[in-house]
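Notes follow once the structure below has been shown.
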There are 2 protein chains.
Amino acid sequence: MTPPAVVSEVLRDYGAVVRDAVRAYLPPAEPRRYLYDLVADYPGRGGKMMRPSLCIAVARALGAPLDPLLIAAAASIELMHNAMLIHDDIEDESDRRRGEPTLHSLWGNAMAINAGDALAMTSLRPLLDVAAHTDPLLALGILEETEHMARESAEGQALELGWRADNVVALEERDYFEMVLKKTCWLATIHPVRLGALIAVAGRVDPTAFVRFGFFLGAAFQIQYDVLNLAGDTEVYGKETAGDLREGKRTLMIIRLLQLATADERVRLVAHLGTPMAARTGREVGWIRDRIDHYGCIDYARQVAHAMAGAALEEYARLFAPVPPSRDRAFLEGLITWVVERTS
Amino acid sequence: MTPPAVVSEVLRDYGAVVRDAVRAYLPPAEPRRYLYDLVADYPGRGGKMMRPSLCIAVARALGAPLDPLLIAAAASIELMHNAMLIHDDIEDESDRRRGEPTLHSLWGNAMAINAGDALAMTSLRPLLDVAAHTDPLLALGILEETEHMARESAEGQALELGWRADNVVALEERDYFEMVLKKTCWLATIHPVRLGALIAVAGRVDPTAFVRFGFFLGAAFQIQYDVLNLAGDTEVYGKETAGDLREGKRTLMIIRLLQLATADERVRLVAHLGTPMAARTGREVGWIRDRIDHYGCIDYARQVAHAMAGAALEEYARLFAPVPPSRDRAFLEGLITWVVERTS
């Protein structure tokens with residue numbers, strides 16, 4: 001099933017608006033060479049703009065205008081996303097991001113950590129700047145949501161890092177989904193949807209109503225993201241293929257493989273996962289990749305992603321049924337297909 | 001000259017208040033082992049509480065009550081300070097902090113970076129929590145000040161890291177003071193003083209009036225801090241002695257030594273500063289320490305610190321002359337002596 005054209009159109013249109021807003025917060029100030037060139041690097045590499053577009057589309061579908069407050073919230077989301085990418089790449093020892101070397105590969109860990117810190121604080125500025133011209137309590141509410149999202153993200157990242165550090169392998173799917181809920185869904189989908197709703201109704205509904213929709217959408221998104229890391233085209237995808245296997249990431253495919261593998265295979269897989277990253281061999285990565293195919297783990301993950309997308313569609317129908325049809329509503333519906341069908 | 005007893009008394013009293021407030025934001029939540037134990041580690045190691053006490057004393061000297069807003073601002077300052085320490089220690093490759101191993105030495109860089117991110121966002125929570133019960137515009141103003149401070153700090157840290165990465169040695173004292181203004185003074189003194197003033201006058205004066213006082217006080221503080229790293233007692237001081245020499249930090253002593261050294265000595269010093277940290281030898285560190293004594297660089301730094309303290313005293317007199325005498329005013333005056341006379 002092909003995602004409807006409205007998805008890429010809205011991503012393009014709202015993406016352009018957000019990109020302009022983001023750029024205004026990344027001026028070429030001093031010290032450029034040691035800080036602001038680094039801070040502006042990832043945002044300048046592009047990106048699909050799914051997170052800020054989701055925020056804008058939810059708000060507009062619920063009747064909000066595309067005003068400075070909404071644009072500020074969307075820009076804040078995109079800036080925070082880029083800030084987190086910088087630190088995640090260091091923590092995951094990733095080599096490539098959006099088709100180019102990661103920031104710490106270019107500048108070293110120290111300067112990249114500092115640039116990530118600067119970008120995270122910069123992500124609050126659009127909200128602080130717009131606060132003077134809007135309801136200050138709404139602005140404070142959005143800042144609270146942002147702090148909440150960052151906390152959930154840090155908890156999810158801690159789980160994933162901790163599992164790797166302690167070579168935890170006694171993991172079930174519910175552990176995986178708890179981690180994904182926190183690490184991925186909060187920033188990727190739940191937070192944008194909640195902010196959009198909060199802005200549209202000016203604090204008059206409980207944004208908690210939108211958490212389930214965000215979770216199902218985000219989980220489908222993350223699983224397809226991990227599938228692309230294994231099965232995607234490197235040129236289109238922009239990260240190192242099978243980098244997740246090298247990083248020892250606990251993806252749904254790895255958890256499935258741990259369940260289906262023979263006792264001997266499991267021992268070998270656990271040994272690989274427990275090897276320090278620098279010592280992991282391409283031969284073992286190749287073997288794991290082969291076992292993943294052998295046990296159909298990628299197909300299984302795709303099935304789960306589609307089930308999540310189906311659940312997201314049900315939540316969508318429930319939440320947006322009372323809302324009149326619009327391009328934004330069509331985008332939200334189409335996005336559910338897009339997250340599981342995209343190839344990059 | 002011994003600092004007056006009021007300094008340690010106020011640090012003890014306000015320190016206890018702030019420590020309680022800080023503790024409320026560091027509950028033993030899950031995941032403890034991978035995140036919240038790490039987040040609570042540095043704040044639990046103690047600390048002198050100079051930054052939050054400075055904020056409270058300025059506000060009270062100017063007539064503000066010790067109310068929830070003031071305590072929230074002070075707790076936020078202390079939490080952010082601890083968050084920055086975590087990342088600074090990674091960036092500086094420091095081994096020890098407050099007498100114990102640094103967080104990344106205990107848990108690895110990845111988990112320590114993530115814990116620092118979580119703590120930085122946590123530092124905003126006292127302000128967000130208190131906002132509902134106070135003037136929301138004042139709360140937003142305090143958040144803006146916090147973002148400004150974090151930006152200045154990141155710029156200062158970038159300068160220091162960049163100088164090391166590029167082995168920049170063509171540095172004059174004005175470069176050093178620009179770096180210290182941003183890296184140290186904003187968080188250590190300028191921000192606490194500005195917040196205290198902002199809260200006391202509820203936004204009715206320009207906090208810029210307090211920048212010079214904060215700068216002189218903070219510069220005196222940083223120079224004495226660096227002197228203690230070279231000449232202090234390890235047991236009392238809590239960091240590795242002469243760690244700055246191993247880290248290649250551009251302190252006032254090093255900049256002075258670069259100016260006074262013979263051509264041959266300068267070549268040797270520059271070579272040491274340009275050597276990767278892991279390859280720096282204890283022999284070279286010992287030689288530099290000897291040259292620093294030979295050229296009286298520590299005495300020189302102490303003189304400059306005292307000159308800065310003198311300038312801070314003049315600013316203090318100008319700013320606080322119209323204010324009635326109080327324990328808080330006495331603390332502020334005494335603190336100026338304390339920062340240059342302390343031995344730990």
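Letters A, B, ... go to the chains of the structure tokens in the order shown; residues in each chain start at 1; ligands are counted from 1 in the same order.
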Those of segment 99-340 of chain B in DSSP helix (DSSP H, G or I), formatted as a VMD selection string: chain B and resid 103 to 107 109 to 122 125 to 131 136 to 165 173 to 201 207 to 231 234 to 237 243 to 247 252 to 260 263 to 274 277 to 279 282 to 294 297 to 320 327 to 340
Proximal residues of chain B relative to chain A (only C-alpha atoms; 6 Å) as a PyMOL selection string: chain B and resi 34-35+91+110+118+121+147+154+158+162
The selected residues should be written to file as a PDB file, in the first residue's frame (atoms: N, CA and C atoms).
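Output file result.pdb follows:
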```
ATOM      1  N   TYR B  34      20.407   2.607  35.929  1.00  0.00           N
ATOM      2  CA  TYR B  34      20.976   3.162  34.701  1.00  0.00           C
ATOM      3  C   TYR B  34      20.795   4.673  34.582  1.00  0.00           C
ATOM      4  N   LEU B  35      19.974   5.254  35.462  1.00  0.00           N
ATOM      5  CA  LEU B  35      19.726   6.693  35.301  1.00  0.00           C
ATOM      6  C   LEU B  35      19.666   7.447  36.634  1.00  0.00           C
ATOM      7  N   GLU B  91      34.156  16.076  29.215  1.00  0.00           N
ATOM      8  CA  GLU B  91      34.844  16.882  28.205  1.00  0.00           C
ATOM      9  C   GLU B  91      36.298  17.147  28.608  1.00  0.00           C
ATOM     10  N   ALA B 110      28.714   7.055  27.924  1.00  0.00           N
ATOM     11  CA  ALA B 110      27.352   7.067  27.375  1.00  0.00           C
ATOM     12  C   ALA B 110      26.319   7.324  28.473  1.00  0.00           C
ATOM     13  N   ALA B 118      19.556  14.446  31.589  1.00  0.00           N
ATOM     14  CA  ALA B 118      18.368  14.340  32.446  1.00  0.00           C
ATOM     15  C   ALA B 118      18.423  15.372  33.571  1.00  0.00           C
ATOM     16  N   MET B 121      17.625  18.988  32.368  1.00  0.00           N
ATOM     17  CA  MET B 121      16.190  19.239  32.201  1.00  0.00           C
ATOM     18  C   MET B 121      15.501  19.279  33.564  1.00  0.00           C
ATOM     19  N   GLU B 147      18.298  30.124  30.291  1.00  0.00           N
ATOM     20  CA  GLU B 147      18.723  29.778  28.925  1.00  0.00           C
ATOM     21  C   GLU B 147      19.913  30.641  28.519  1.00  0.00           C
ATOM     22  N   ALA B 154      28.118  27.468  27.531  1.00  0.00           N
ATOM     23  CA  ALA B 154      28.517  26.611  26.404  1.00  0.00           C
ATOM     24  C   ALA B 154      29.546  27.323  25.529  1.00  0.00           C
ATOM     25  N   ALA B 158      33.242  25.986  24.929  1.00  0.00           N
ATOM     26  CA  ALA B 158      33.697  25.772  23.555  1.00  0.00           C
ATOM     27  C   ALA B 158      35.056  26.429  23.327  1.00  0.00           C
ATOM     28  N   GLY B 162      38.196  24.289  22.422  1.00  0.00           N
ATOM     29  CA  GLY B 162      38.775  24.590  21.111  1.00  0.00           C
ATOM     30  C   GLY B 162      40.248  24.952  21.228  1.00  0.00           C
TER      31      GLY B 162
END
```
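Minimum distance to Asp206 of chain A across A:Val193, A:Leu85, A:Ala301, A:Val285 (counting only C-alpha atoms) occurs at A:Val193.
Running DSSP on the backbone and keeping only strand (DSSP E or B), the residues of segment 84-206 of chain A that qualify are Arg96, Arg97, Glu100 and Pro101 of chain A.
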Long-range neighbours of Val18 of chain B as a list in words, 7 Å cut-off, only C-alpha atoms, 5 positions minimum in chain: Ile71, Ala74 and Ala75 of chain B
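Across B:Arg60, B:Arg280, B:Arg194, B:Arg289, the tightest approach to Ala209 of chain B is made by B:Arg194 when counting only C-alpha atoms.
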Long-range neighbours of Gly15 of chain A as an MDAnalysis selection string, 7 Å cut-off, only C-alpha atoms, 3 positions minimum in chain: chainID A and resid 11:12 18:19 49 53
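With distances restricted to only C-alpha atoms, B:Gly218 is the closest residue to Leu335 of chain B from B:Gly296, B:Gly218, B:Gly44, B:Gly286.
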For Ala202 of chain A, the nearest of the candidates A:Leu230, A:Leu38, A:Ala64, A:Ala263, counting only C-alpha atoms: A:Ala64
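Straight-line separation from atom CA of Val169 of chain B to atom CA of Ala309 of chain B: 26.9 Å.
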